[in-house]
Structures are given as structure tokens and as C-alpha cells.
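Colleague: Sharing query_17.tsv here; it has TSV, C-alpha atoms.
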```tsv
chain	number	residue	atom	x	y	z
A	272	MET	CA	69.37	93.38	92.67
A	273	PHE	CA	67.00	95.40	90.50
A	274	ARG	CA	66.81	98.89	89.14
A	275	VAL	CA	63.44	100.11	90.42
A	276	LEU	CA	61.62	103.15	89.06
A	277	VAL	CA	58.91	104.48	91.39
A	278	ALA	CA	56.56	106.70	89.38
A	279	ASP	CA	54.12	107.59	92.18
A	280	LYS	CA	54.46	108.70	95.76
A	281	LEU	CA	55.41	105.92	98.18
A	282	PRO	CA	56.17	106.31	101.89
A	283	GLN	CA	59.85	106.91	102.59
A	284	ALA	CA	59.95	103.73	104.69
A	285	ALA	CA	59.13	101.69	101.56
A	286	LEU	CA	61.80	103.44	99.50
A	287	ASP	CA	64.31	102.78	102.28
A	288	GLN	CA	63.31	99.11	102.41
A	289	LEU	CA	63.87	98.73	98.66
A	290	SER	CA	67.32	100.30	99.03
A	291	GLU	CA	68.15	98.01	101.95
A	292	MET	CA	67.22	95.06	99.72
A	293	GLY	CA	69.96	96.19	97.35
A	294	CYS	CA	67.72	97.81	94.73
A	295	VAL	CA	68.84	100.92	92.89
A	296	VAL	CA	65.80	103.13	93.40
A	297	THR	CA	64.78	106.10	91.26
A	298	SER	CA	61.77	107.87	92.77
A	299	GLU	CA	59.99	110.52	90.69
A	300	PRO	CA	56.34	110.69	91.83
A	301	SER	CA	55.31	113.26	89.23
A	302	LEU	CA	56.13	111.18	86.15
A	303	LYS	CA	53.22	111.04	83.67
A	304	GLY	CA	52.67	110.38	79.99
A	305	ALA	CA	55.63	111.01	77.71
A	306	PHE	CA	57.83	111.96	80.68
A	307	LEU	CA	57.33	108.49	82.14
A	308	THR	CA	58.15	106.86	78.80
A	309	GLU	CA	61.30	108.94	78.49
A	310	LYS	CA	62.38	108.07	82.04
A	311	ILE	CA	61.84	104.36	81.47
A	312	ALA	CA	64.00	104.55	78.35
A	313	GLN	CA	66.69	106.42	80.30
A	314	VAL	CA	66.76	104.34	83.51
A	315	GLN	CA	66.01	100.94	81.91
A	316	PRO	CA	64.39	99.66	85.12
A	317	GLU	CA	63.68	96.00	85.71
A	318	VAL	CA	60.78	96.98	88.00
A	319	LEU	CA	58.28	99.83	87.71
A	320	VAL	CA	56.06	100.78	90.68
A	321	VAL	CA	52.93	102.88	90.14
A	322	ARG	CA	49.75	103.83	91.96
A	323	SER	CA	47.37	105.83	89.76
A	324	THR	CA	49.86	106.61	86.98
A	325	ARG	CA	48.89	105.12	83.61
A	326	VAL	CA	51.31	102.65	82.05
A	327	THR	CA	50.87	102.51	78.27
A	328	ALA	CA	52.08	100.39	75.39
A	329	ASP	CA	54.75	103.04	74.71
A	330	ASP	CA	56.07	102.60	78.25
A	331	PHE	CA	56.48	98.85	77.78
A	332	ALA	CA	58.18	99.38	74.44
A	333	ALA	CA	60.64	101.86	75.96
A	334	SER	CA	62.68	99.25	77.81
A	335	GLY	CA	63.52	95.64	77.09
A	336	ALA	CA	64.81	95.40	80.66
A	337	LEU	CA	61.40	96.00	82.23
A	338	SER	CA	60.08	92.67	83.51
A	339	LEU	CA	57.72	93.57	86.38
A	340	VAL	CA	55.18	96.32	86.99
A	341	VAL	CA	53.80	96.56	90.52
A	342	ARG	CA	50.52	98.39	91.01
A	343	ALA	CA	50.62	99.72	94.59
A	344	GLY	CA	46.90	99.12	94.97
A	345	ALA	CA	44.31	96.66	93.74
A	346	GLY	CA	42.86	97.81	90.40
A	347	VAL	CA	45.02	97.42	87.28
A	348	ASN	CA	42.76	99.11	84.72
A	349	THR	CA	45.34	101.93	84.33
A	350	ILE	CA	47.94	99.47	83.03
A	351	ALA	CA	48.04	98.23	79.43
A	352	LEU	CA	47.86	94.56	80.36
A	353	SER	CA	47.77	93.30	76.78
A	354	SER	CA	51.01	95.14	76.01
A	355	ALA	CA	52.61	93.77	79.17
A	356	SER	CA	51.57	90.23	78.33
A	357	GLY	CA	52.72	90.58	74.75
A	358	MET	CA	56.22	91.45	75.95
A	359	GLY	CA	56.35	88.91	78.77
A	360	VAL	CA	56.21	91.50	81.53
A	361	TYR	CA	54.65	90.46	84.83
A	362	VAL	CA	52.00	92.77	86.29
A	363	ALA	CA	51.31	92.34	90.00
A	364	ASN	CA	49.02	94.21	92.37
A	365	CYS	CA	48.57	94.56	96.13
A	366	PRO	CA	45.01	93.37	96.79
A	367	GLY	CA	43.23	93.71	100.10
A	368	LYS	CA	45.76	96.02	101.73
A	369	ASN	CA	43.51	99.07	101.41
A	370	ALA	CA	40.26	97.21	102.06
A	371	VAL	CA	39.58	98.78	105.45
A	372	ALA	CA	40.26	102.30	104.17
A	373	VAL	CA	37.84	101.91	101.26
A	374	ALA	CA	35.22	100.33	103.53
A	375	GLU	CA	35.53	103.24	105.94
A	376	LEU	CA	34.90	105.77	103.18
A	377	ALA	CA	31.95	103.74	101.90
A	378	TRP	CA	30.45	103.94	105.38
A	379	ALA	CA	31.17	107.67	105.56
A	380	HIS	CA	29.09	108.02	102.39
A	381	ILE	CA	26.29	105.80	103.69
A	382	LEU	CA	25.96	107.70	106.97
A	383	ASN	CA	26.28	111.05	105.25
A	384	ALA	CA	23.61	110.21	102.67
A	385	ASP	CA	21.18	109.12	105.37
A	386	ARG	CA	21.76	112.12	107.67
A	387	ARG	CA	22.75	114.73	105.04
A	388	VAL	CA	25.78	115.74	107.10
A	389	ALA	CA	27.57	117.50	104.24
A	390	ASP	CA	24.52	119.65	103.44
A	391	GLY	CA	24.17	120.64	107.08
A	392	VAL	CA	27.82	121.61	107.35
A	393	SER	CA	27.54	123.69	104.19
A	394	ASP	CA	24.53	125.60	105.57
A	395	LEU	CA	26.23	126.23	108.91
A	396	ARG	CA	29.29	127.61	107.11
A	397	ASP	CA	26.96	129.89	105.17
A	398	GLY	CA	25.54	131.14	108.48
A	399	VAL	CA	22.16	129.35	108.20
A	400	TRP	CA	20.48	127.28	110.95
A	401	LYS	CA	18.06	124.63	109.57
A	402	LYS	CA	17.19	122.25	112.38
A	403	LYS	CA	13.63	121.78	111.04
A	404	VAL	CA	15.03	120.66	107.68
A	405	TYR	CA	17.75	118.32	108.90
A	406	SER	CA	15.72	116.72	111.66
A	407	LYS	CA	13.55	115.22	108.92
A	408	GLU	CA	14.23	112.79	106.05
A	409	ALA	CA	16.80	110.66	107.93
A	410	ARG	CA	15.43	107.11	107.90
A	411	GLY	CA	18.12	105.50	110.08
A	412	LEU	CA	20.01	102.30	109.27
A	413	LYS	CA	19.14	99.78	111.99
A	414	GLY	CA	16.99	97.02	110.53
A	415	ARG	CA	17.47	98.23	106.96
A	416	VAL	CA	18.84	96.04	104.15
A	417	LEU	CA	22.40	96.66	102.97
A	418	GLY	CA	23.10	95.35	99.47
A	419	ILE	CA	26.75	94.74	98.55
A	420	VAL	CA	27.86	94.25	94.94
A	421	GLY	CA	31.15	92.34	95.10
A	422	LEU	CA	32.07	90.43	98.25
A	423	GLY	CA	35.84	90.48	98.04
A	424	ALA	CA	38.13	91.89	100.71
A	425	ILE	CA	36.50	95.34	100.68
A	426	GLY	CA	32.96	93.99	100.44
A	427	ARG	CA	33.54	91.75	103.46
A	428	GLU	CA	34.84	94.69	105.50
A	429	VAL	CA	31.73	96.66	104.55
A	430	ALA	CA	29.50	93.71	105.44
A	431	SER	CA	30.94	93.27	108.94
A	432	ARG	CA	30.38	96.96	109.66
A	433	GLY	CA	26.84	96.72	108.33
A	434	GLN	CA	26.16	93.86	110.71
A	435	ALA	CA	27.53	95.99	113.56
A	436	PHE	CA	24.89	98.58	112.60
A	437	GLU	CA	22.31	95.77	112.90
A	438	MET	CA	21.51	95.82	109.20
A	439	THR	CA	20.51	92.79	107.15
A	440	VAL	CA	23.19	92.19	104.53
A	441	VAL	CA	22.48	90.79	101.07
A	442	ALA	CA	25.28	90.31	98.54
A	443	PHE	CA	25.76	89.60	94.86
A	444	ASP	CA	29.03	88.06	93.72
A	445	PRO	CA	29.40	85.35	91.04
A	446	ALA	CA	31.93	83.57	93.25
A	447	LEU	CA	29.69	83.57	96.33
A	448	THR	CA	28.13	80.21	97.22
A	449	ARG	CA	25.22	79.56	99.57
A	450	ASP	CA	27.59	77.98	102.07
A	451	GLY	CA	29.97	80.92	101.76
A	452	ALA	CA	27.12	83.34	102.36
A	453	ASP	CA	26.01	81.40	105.41
A	454	GLU	CA	29.53	81.51	106.85
A	455	LEU	CA	29.61	85.30	106.47
A	456	GLY	CA	26.09	85.73	107.82
A	457	VAL	CA	24.80	87.32	104.61
A	458	SER	CA	22.00	86.52	102.19
A	459	LYS	CA	22.94	85.63	98.60
A	460	ALA	CA	21.20	87.42	95.71
A	461	ASP	CA	21.10	85.55	92.42
A	462	SER	CA	21.11	88.67	90.26
A	463	LEU	CA	21.90	92.35	90.44
A	464	CYS	CA	18.27	93.28	89.96
A	465	GLU	CA	17.24	91.00	92.81
A	466	LEU	CA	19.81	92.66	95.05
A	467	ALA	CA	18.61	96.13	94.02
A	468	SER	CA	14.96	95.32	94.68
A	469	ARG	CA	15.72	94.01	98.17
A	470	SER	CA	18.04	96.81	99.32
A	471	ASP	CA	17.62	100.12	101.12
A	472	VAL	CA	21.32	100.84	100.66
A	473	VAL	CA	23.57	99.53	97.85
A	474	THR	CA	27.35	99.82	97.89
A	475	VAL	CA	29.63	98.68	95.05
A	476	HIS	CA	33.01	96.94	95.42
A	477	VAL	CA	34.15	95.35	92.15
A	478	GLY	CA	37.15	95.79	89.89
A	479	LEU	CA	36.78	97.28	86.43
A	480	ASN	CA	37.04	94.77	83.59
A	481	GLU	CA	35.16	93.67	80.50
A	482	HIS	CA	32.57	91.88	82.63
A	483	THR	CA	31.87	94.71	85.07
A	484	ARG	CA	31.95	97.75	82.79
A	485	GLY	CA	28.42	99.20	82.75
A	486	MET	CA	27.07	96.31	84.85
A	487	LEU	CA	24.90	98.64	86.97
A	488	ASP	CA	22.57	99.68	84.20
A	489	ALA	CA	19.06	101.02	83.70
A	490	ALA	CA	17.47	97.70	84.72
A	491	PHE	CA	19.42	97.76	87.99
A	492	PHE	CA	18.35	101.31	88.88
A	493	ASP	CA	14.76	100.60	87.81
A	494	ALA	CA	14.75	97.80	90.41
A	495	LEU	CA	16.14	100.04	93.16
A	496	PRO	CA	13.41	101.28	95.55
A	497	PRO	CA	12.61	105.02	95.82
A	498	ASN	CA	14.65	106.93	98.43
A	499	ALA	CA	17.38	104.29	98.43
A	500	ILE	CA	21.04	105.13	98.98
A	501	PHE	CA	23.61	104.19	96.33
A	502	VAL	CA	27.36	104.28	97.04
A	503	ASN	CA	30.21	103.62	94.62
A	504	THR	CA	33.82	103.58	95.80
A	505	SER	CA	35.08	101.08	93.16
A	506	ARG	CA	35.40	102.46	89.61
A	507	GLY	CA	33.18	104.94	87.80
A	508	PRO	CA	32.63	103.00	84.55
A	509	VAL	CA	30.95	100.06	86.33
A	510	VAL	CA	27.93	102.39	86.56
A	511	ASP	CA	25.69	103.72	83.80
A	512	GLU	CA	25.78	107.31	85.02
A	513	GLN	CA	22.80	108.34	82.88
A	514	ALA	CA	20.67	105.64	84.50
A	515	LEU	CA	21.90	106.69	87.94
A	516	SER	CA	21.08	110.34	87.20
A	517	LYS	CA	17.56	109.34	86.20
A	518	ALA	CA	17.08	107.41	89.45
A	519	ILE	CA	18.29	110.41	91.45
A	520	ARG	CA	15.89	112.77	89.68
A	521	GLU	CA	12.84	110.53	89.47
A	522	LYS	CA	13.14	108.25	92.53
A	523	SER	CA	14.88	110.55	95.03
A	524	VAL	CA	17.84	108.18	95.27
A	525	ARG	CA	20.76	109.64	97.22
A	526	ALA	CA	24.23	108.81	95.96
A	527	GLY	CA	27.67	108.82	97.55
A	528	LEU	CA	30.31	108.67	94.82
A	529	ASP	CA	34.08	108.51	95.20
A	530	VAL	CA	34.61	107.59	91.53
A	531	PHE	CA	33.37	108.87	88.19
A	532	CYS	CA	33.51	107.92	84.52
A	533	ASP	CA	35.36	111.07	83.47
A	534	GLU	CA	37.75	111.71	86.35
A	535	PRO	CA	40.46	114.28	85.52
A	536	ALA	CA	44.06	113.12	85.35
A	537	SER	CA	45.28	115.85	87.72
A	538	ASP	CA	43.98	118.44	90.17
A	539	GLY	CA	42.24	121.50	88.75
A	540	GLU	CA	38.85	122.63	87.52
A	541	TRP	CA	36.32	119.88	86.87
A	542	ASN	CA	32.57	120.01	86.35
A	543	SER	CA	30.04	117.19	86.36
A	544	ASP	CA	26.31	117.30	85.75
A	545	LEU	CA	25.99	114.21	87.96
A	546	VAL	CA	27.72	115.80	90.97
A	547	ALA	CA	25.59	118.92	90.58
A	548	LEU	CA	22.36	116.97	91.21
A	549	PRO	CA	20.70	117.41	94.61
A	550	GLY	CA	21.28	114.33	96.75
A	551	VAL	CA	24.68	113.51	95.24
A	552	TYR	CA	27.70	113.62	97.53
A	553	GLY	CA	31.08	113.32	95.85
A	554	THR	CA	34.61	112.75	97.01
A	555	HIS	CA	37.84	112.83	95.01
A	556	HIS	CA	38.67	109.12	94.46
A	557	ILE	CA	40.29	108.95	97.88
A	558	GLY	CA	38.95	105.61	99.11
A	559	ALA	CA	42.40	104.11	99.66
A	560	SER	CA	44.03	107.36	100.72
A	561	THR	CA	44.71	106.88	104.41
A	562	ASP	CA	48.15	106.72	105.99
A	563	GLN	CA	47.42	103.21	107.23
A	564	ALA	CA	46.39	101.96	103.80
A	565	GLN	CA	49.25	103.58	101.93
A	566	GLU	CA	51.83	102.12	104.31
A	567	ALA	CA	50.30	98.64	104.06
A	568	VAL	CA	50.16	98.80	100.25
A	569	ALA	CA	53.73	100.06	99.99
A	570	LEU	CA	55.05	97.27	102.21
A	571	GLU	CA	53.16	94.73	100.09
A	572	ALA	CA	54.76	96.19	96.95
A	573	CYS	CA	58.16	95.68	98.58
A	574	ARG	CA	57.23	92.09	99.42
A	575	VAL	CA	56.24	91.42	95.81
A	576	ILE	CA	59.57	92.78	94.55
A	577	ALA	CA	61.55	90.81	97.13
A	578	ALA	CA	59.76	87.57	96.25
A	579	TYR	CA	60.38	88.21	92.54
A	580	ALA	CA	64.07	88.79	93.22
A	581	ASN	CA	64.40	85.61	95.26
A	582	THR	CA	62.23	83.21	93.25
A	583	GLY	CA	61.56	84.76	89.84
A	584	ASN	CA	57.81	84.47	90.52
A	585	PRO	CA	56.02	87.63	91.68
A	586	PRO	CA	53.06	87.13	94.04
A	587	ASN	CA	49.67	88.54	93.00
A	588	CYS	CA	50.44	88.37	89.27
A	589	VAL	CA	47.32	89.32	87.30
A	590	ASN	CA	48.32	88.64	83.68
A	591	LEU	CA	49.36	84.99	83.61
A	592	ALA	CA	47.17	82.72	81.49
A	593	ARG	CA	44.70	80.75	83.57
A	594	GLN	CA	44.56	78.16	80.84
A	595	THR	CA	46.98	77.40	78.02
A	596	PRO	CA	46.48	75.54	74.73
A	597	ALA	CA	48.53	72.64	76.11
A	598	THR	CA	47.16	69.24	75.09
A	599	HIS	CA	49.61	66.83	76.68
A	600	LEU	CA	51.64	66.45	79.85
A	601	LEU	CA	55.04	64.78	79.71
A	602	VAL	CA	56.20	63.41	83.08
A	603	VAL	CA	59.90	62.62	83.25
A	604	ARG	CA	61.52	61.12	86.38
A	605	HIS	CA	65.26	61.58	86.10
A	606	ARG	CA	68.57	62.03	87.85
A	607	ASP	CA	69.27	65.55	88.97
A	608	GLU	CA	72.24	66.09	86.68
A	609	VAL	CA	73.40	68.79	84.30
A	610	GLY	CA	72.03	68.43	80.77
A	611	VAL	CA	69.14	66.02	81.43
A	612	LEU	CA	66.36	68.55	80.89
A	613	SER	CA	68.12	70.22	77.97
A	614	GLY	CA	68.18	66.80	76.30
A	615	VAL	CA	64.45	66.34	76.87
A	616	LEU	CA	63.71	69.81	75.51
A	617	GLY	CA	65.94	69.09	72.52
A	618	VAL	CA	63.81	66.06	71.66
A	619	LEU	CA	60.67	68.19	71.88
A	620	LYS	CA	62.29	70.78	69.64
A	621	GLU	CA	62.99	68.10	67.03
A	622	ALA	CA	59.29	67.30	67.01
A	623	SER	CA	58.37	71.03	66.73
A	624	ILE	CA	56.50	70.78	70.03
A	625	ASN	CA	55.97	74.04	71.92
A	626	VAL	CA	56.27	73.90	75.73
A	627	GLN	CA	53.58	75.84	77.60
A	628	ASN	CA	54.53	75.26	81.21
A	629	MET	CA	57.20	73.31	83.05
A	630	GLU	CA	58.17	72.48	86.62
A	631	ASN	CA	61.00	70.35	87.94
A	632	ASN	CA	60.73	69.06	91.50
A	633	ILE	CA	63.89	67.89	93.27
A	634	PHE	CA	63.75	65.03	95.79
A	635	SER	CA	65.86	64.81	98.94
A	636	ALA	CA	69.16	62.94	98.63
A	637	GLY	CA	69.06	59.13	98.55
A	638	ALA	CA	71.23	56.75	100.53
A	639	SER	CA	74.11	57.11	98.07
A	640	GLY	CA	73.86	60.89	98.07
A	641	GLU	CA	72.43	61.10	94.57
A	642	ARG	CA	69.37	63.21	93.91
A	643	ALA	CA	66.45	62.59	91.62
A	644	ALA	CA	63.90	64.93	90.11
A	645	CYS	CA	60.54	64.83	88.39
A	646	ALA	CA	59.82	67.17	85.48
A	647	ARG	CA	56.24	67.91	84.44
A	648	ILE	CA	56.11	69.51	81.01
A	649	GLN	CA	52.86	70.82	79.52
A	650	MET	CA	52.99	71.12	75.74
A	651	ILE	CA	50.98	71.44	72.56
A	652	GLY	CA	51.01	68.10	70.73
A	653	SER	CA	52.88	64.93	71.58
A	654	PRO	CA	56.21	63.41	70.55
A	655	SER	CA	56.13	60.26	68.44
A	656	GLU	CA	56.71	56.84	69.95
A	657	PRO	CA	60.26	56.66	68.52
A	658	LEU	CA	61.11	59.96	70.21
A	659	LEU	CA	59.62	58.78	73.49
A	660	GLU	CA	61.67	55.59	73.23
A	661	GLN	CA	64.72	57.73	72.62
A	662	LEU	CA	64.09	59.49	75.92
A	663	LYS	CA	63.44	56.27	77.81
A	664	LYS	CA	66.76	54.77	76.70
A	665	GLN	CA	68.81	57.55	78.30
A	666	GLU	CA	70.66	56.33	81.42
A	667	THR	CA	69.76	59.48	83.36
A	668	ILE	CA	66.01	58.98	82.86
A	669	PHE	CA	64.08	56.53	85.02
A	670	GLU	CA	60.63	56.80	83.48
A	671	VAL	CA	58.74	58.75	80.82
A	672	LYS	CA	54.96	59.05	80.83
A	673	LEU	CA	52.73	60.90	78.35
A	674	ILE	CA	49.27	62.02	79.52
A	675	LEU	CA	46.41	63.63	77.61
A	676	LEU	CA	45.51	66.71	79.64
A	677	GLU	CA	41.83	66.29	78.79
A	678	GLU	CA	41.88	63.00	80.67
A	679	GLN	CA	43.26	64.49	83.89
```
As C-alpha cells - that is how I would like this structure written.

Modeller:
Amino acid sequence: MFRVLVADKLPQAALDQLSEMGCVVTSEPSLKGAFLTEKIAQVQPEVLVVRSTRVTADDFAASGALSLVVRAGAGVNTIALSSASGMGVYVANCPGKNAVAVAELAWAHILNADRRVADGVSDLRDGVWKKKVYSKEARGLKGRVLGIVGLGAIGREVASRGQAFEMTVVAFDPALTRDGADELGVSKADSLCELASRSDVVTVHVGLNEHTRGMLDAAFFDALPPNAIFVNTSRGPVVDEQALSKAIREKSVRAGLDVFCDEPASDGEWNSDLVALPGVYGTHHIGASTDQAQEAVALEACRVIAAYANTGNPPNCVNLARQTPATHLLVVRHRDEVGVLSGVLGVLKEASINVQNMENNIFSAGASGERAACARIQMIGSPSEPLLEQLKKQETIFEVKLILLEEQ
């Protein structure tokens, strides 16, 4: 089994499960920066498990043995994906397992922003009674419009709770179709600005990538109505914080924020002009931090590692190419015997043809007990007719077919 380095805190039950699977587990939750790099070089793990710990190019370069990084959570923006891909290291995540936890915190922010619960608690702790203040300015949620940016697992959990509060739900998600919206009982917005203009409350649930960074910009906040509520429990950099600050100051927008653009790497002193604004309620990037969520994520991380050990293919891999430069597909039906595929690949090598993807499906045994297989080989370029004829003449090959991928 694998050597597994766990560089963040996982429940003991997950560590025990990895050990029961036969893994040699090294658990050091405090590893960061150069200490993580040094530990990777020392342990030479095949698998690295992290939560919020950053995995850098230096970490990937520290061990040729490392072949899988598991992010015990959904977002992978803390992992140097380009470095992983360049060294052929799989990166897998655990999507959806903390969806309920994040949705619950989003709703805590929505309810708090409407009723100003945190402000009231603060005044009571200071020995001040302000019923006249806090009995005003709460609009209530029933019948209001809830706008959701990103209708993945978390967004859907938020939506169902919004419907339970008898809110009208409108969503923006590039993958959302009209039929899909109808099935979920939500209205589809065609743009972020349309969603903003229609919403009394907006909550954000998208991953951070090149397409989402800064997506909630000045135009979005200009479209948001005065006195609206804005909640972000996804990632700080998806929001233009200067534009949000302006909306808070000039349009009395209230904001519930679990994430920020300049979050500190560890606990300690931290100051933010945004958090200091009246009407802003911040939490400490704890959306997924419930016992239920952490246990579910940890068990999913174990499942990913087990599947990788048994099949060589990790579930939830995020850095495989969706498309390759392959131009042709070679279909070879053949006997399931030693050396057949190596002969085919040898012919392709002679033609300097690079294979991009390959699968070999085995059929059940025939009447005589012999087995056959069908190989499907995606490649850049095509072998010449003489080379194809060379393949077809082999006794172990039944048929060879060359297909232009563009024609499929």
C-alpha cells in the first residue's frame, strides 16, 4: 500500500481507516512552507493529504514518489496545479461533502444581517439595552428574493433552505439550464447584474479560478438594490472588495463574510478596513468547519485513496486534460495475449506517433475459453497504410480501424 503524509488535521477515525487499508501513515497537522517540503523529501510519500495547507512547486519537486495529492475539501486554489500536472501528479478533491455545513453558515449570516443579532449580543455584553434600536430595520425574509451565484452542491443546499423560508430563489450559473432551473424550482438569471438587480439577498457559492476571480465587480454592486444583504462563504478574491466597500458605505448594504482577499496564514492579529465598516459581519473562514462536515470529507479522502490503490484512477481528479491534441483514434480488436499491445505501440513508435489516451476492454471468455479485447488508442497523427497493413497481418489481431476524431 502507500506511504501517506497527512499535513493537516484529520479525524482519528480517518487515520485509523488509512492504517487498516495497509497505508503507512505519517500525520503532522502543523506542517507548513519549508517544513512541509522538507518532510515530503524525508518521507517520500506516494500520497499527500491536505486541507488548507498550501502545496507549492517546491513540494512537488521534493519527491519523485508523490503521485496523488488529496484536498480534504472542495477548493484546490491552494495547490500548485500546474506544477502537479507538469510532473504527472494527480490532484483530487472531496466535493459536496461539506455543502450542508457551508450552507448553514451562509444562512447564519443571512439571518444575522437581517436581524443584526451580532450587534445586539455585543451591546448586551457591554451592559446596554437597545430594544428601540434592534426592533427596527429588520425587513424579514418571507417573500423576499434570494439570489444565488453558483448552483452547485452548496448553492442547491442554500436554495432549498431559502424555499423553506418562503423566499423566491433566482440563480446564476453558466451550467444552469431553463429545464434545470424549473426542476429545482428556481428562476434563472442570464447575467450577474440581472441577478443583483432582482435580489434582496445575494449569497455566493463558486470556486476560485481564472474565470471567477473578481467576477463580482463594480457593475455587480451598482446593480444591487440599496439595503440588500450580501453574503460570501466561497473565496475572497471572487469579490472586488473595494466595490463591495463602496456599496456598504453608499447603499447601506449589509455583508456577511466568511472569506477575505488577504486572509492570514495562521491565527494572530489581523486588521481589515472592510471588516471595520458598520454593517459588515465577519467570520474566520469556518464554513466547512463542523464535526459532521470534517468527518464526511475525511471519509471521502479515504475513499479516493482506496480507489486509487485498487484501480490506479483517483475519483474527483481535477487536473486531467478535458481535451487532448489527439487527431486520430486507432481501434484494434485482438486476442487477449501477452505482447499484442506492445507490438501495436511499437508500430506507433516507429511512426513517431504520440499516444494521448488508451483503454483496453476485455470480453468474457468464448466457447473455447479464449478471450478477446478491444483497444482504443487516441493519438496525434496517423500511421501510414503500410504500417496499418503490418498490424492487420498479425495473427493475434482481428481488425484494425483508423478514425479521424473530428468525424466522431

Colleague: Would you tabulate, counting all atoms listed in the file, all residues of stretch 329-393 of chain A that have an atom at most 8 Å from an atom of stretch 471-485 of chain A, showing the closest pair of atoms and their distance in Å to one decimal, sorted by chain then ascending number, as a Markdown table?

Modeller:
```
| residue | atom | partner | partner_atom | distance |
| --- | --- | --- | --- | --- |
| A:Gly346 | CA | A:Gly478 | CA | 6.1 |
| A:Asn348 | CA | A:Leu479 | CA | 6.5 |
| A:Ala377 | CA | A:Thr474 | CA | 7.3 |
| A:Ile381 | CA | A:Val472 | CA | 7.6 |
```

Colleague: Do you know which residues are at most 9 Å from A:Ala518 counting all atoms listed in the file, after dropping those on the same chain fewer than 4 positions away, and could you put them as a VMD selection string?

Modeller: chain A and resid 489 492 to 493 495 497 513 to 514 522 to 525

Colleague: Just to confirm, what's the straight-line distance from atom CA of A:Arg410 to atom CA of A:Pro549 in Å (one decimal)?

Modeller: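 Distance reported for this atom pair: 17.6 Å.
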
Colleague: Got a sec: who's within 9 Å of A:Asn383, counting all atoms listed in the file, leaving out chain neighbours fewer than 5 positions off, as a PyMOL selection string?

Modeller: chain A and resi 378+388-390+527+552

Colleague: To one decimal in Å, tell me the separation between atom CA of A:Arg604 and atom CA of A:Pro585.

Modeller: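 Atom-to-atom, atom CA of A:Arg604 to atom CA of A:Pro585, that is 27.6 Å.
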
Colleague: Could you check which of A:Ile557, A:Val530, A:Ala332, A:Ile311 is closest to A:Glu375, using all atoms listed in the file?

Modeller: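 Looking at the shortest contact to A:Glu375, the residue is A:Ile557.
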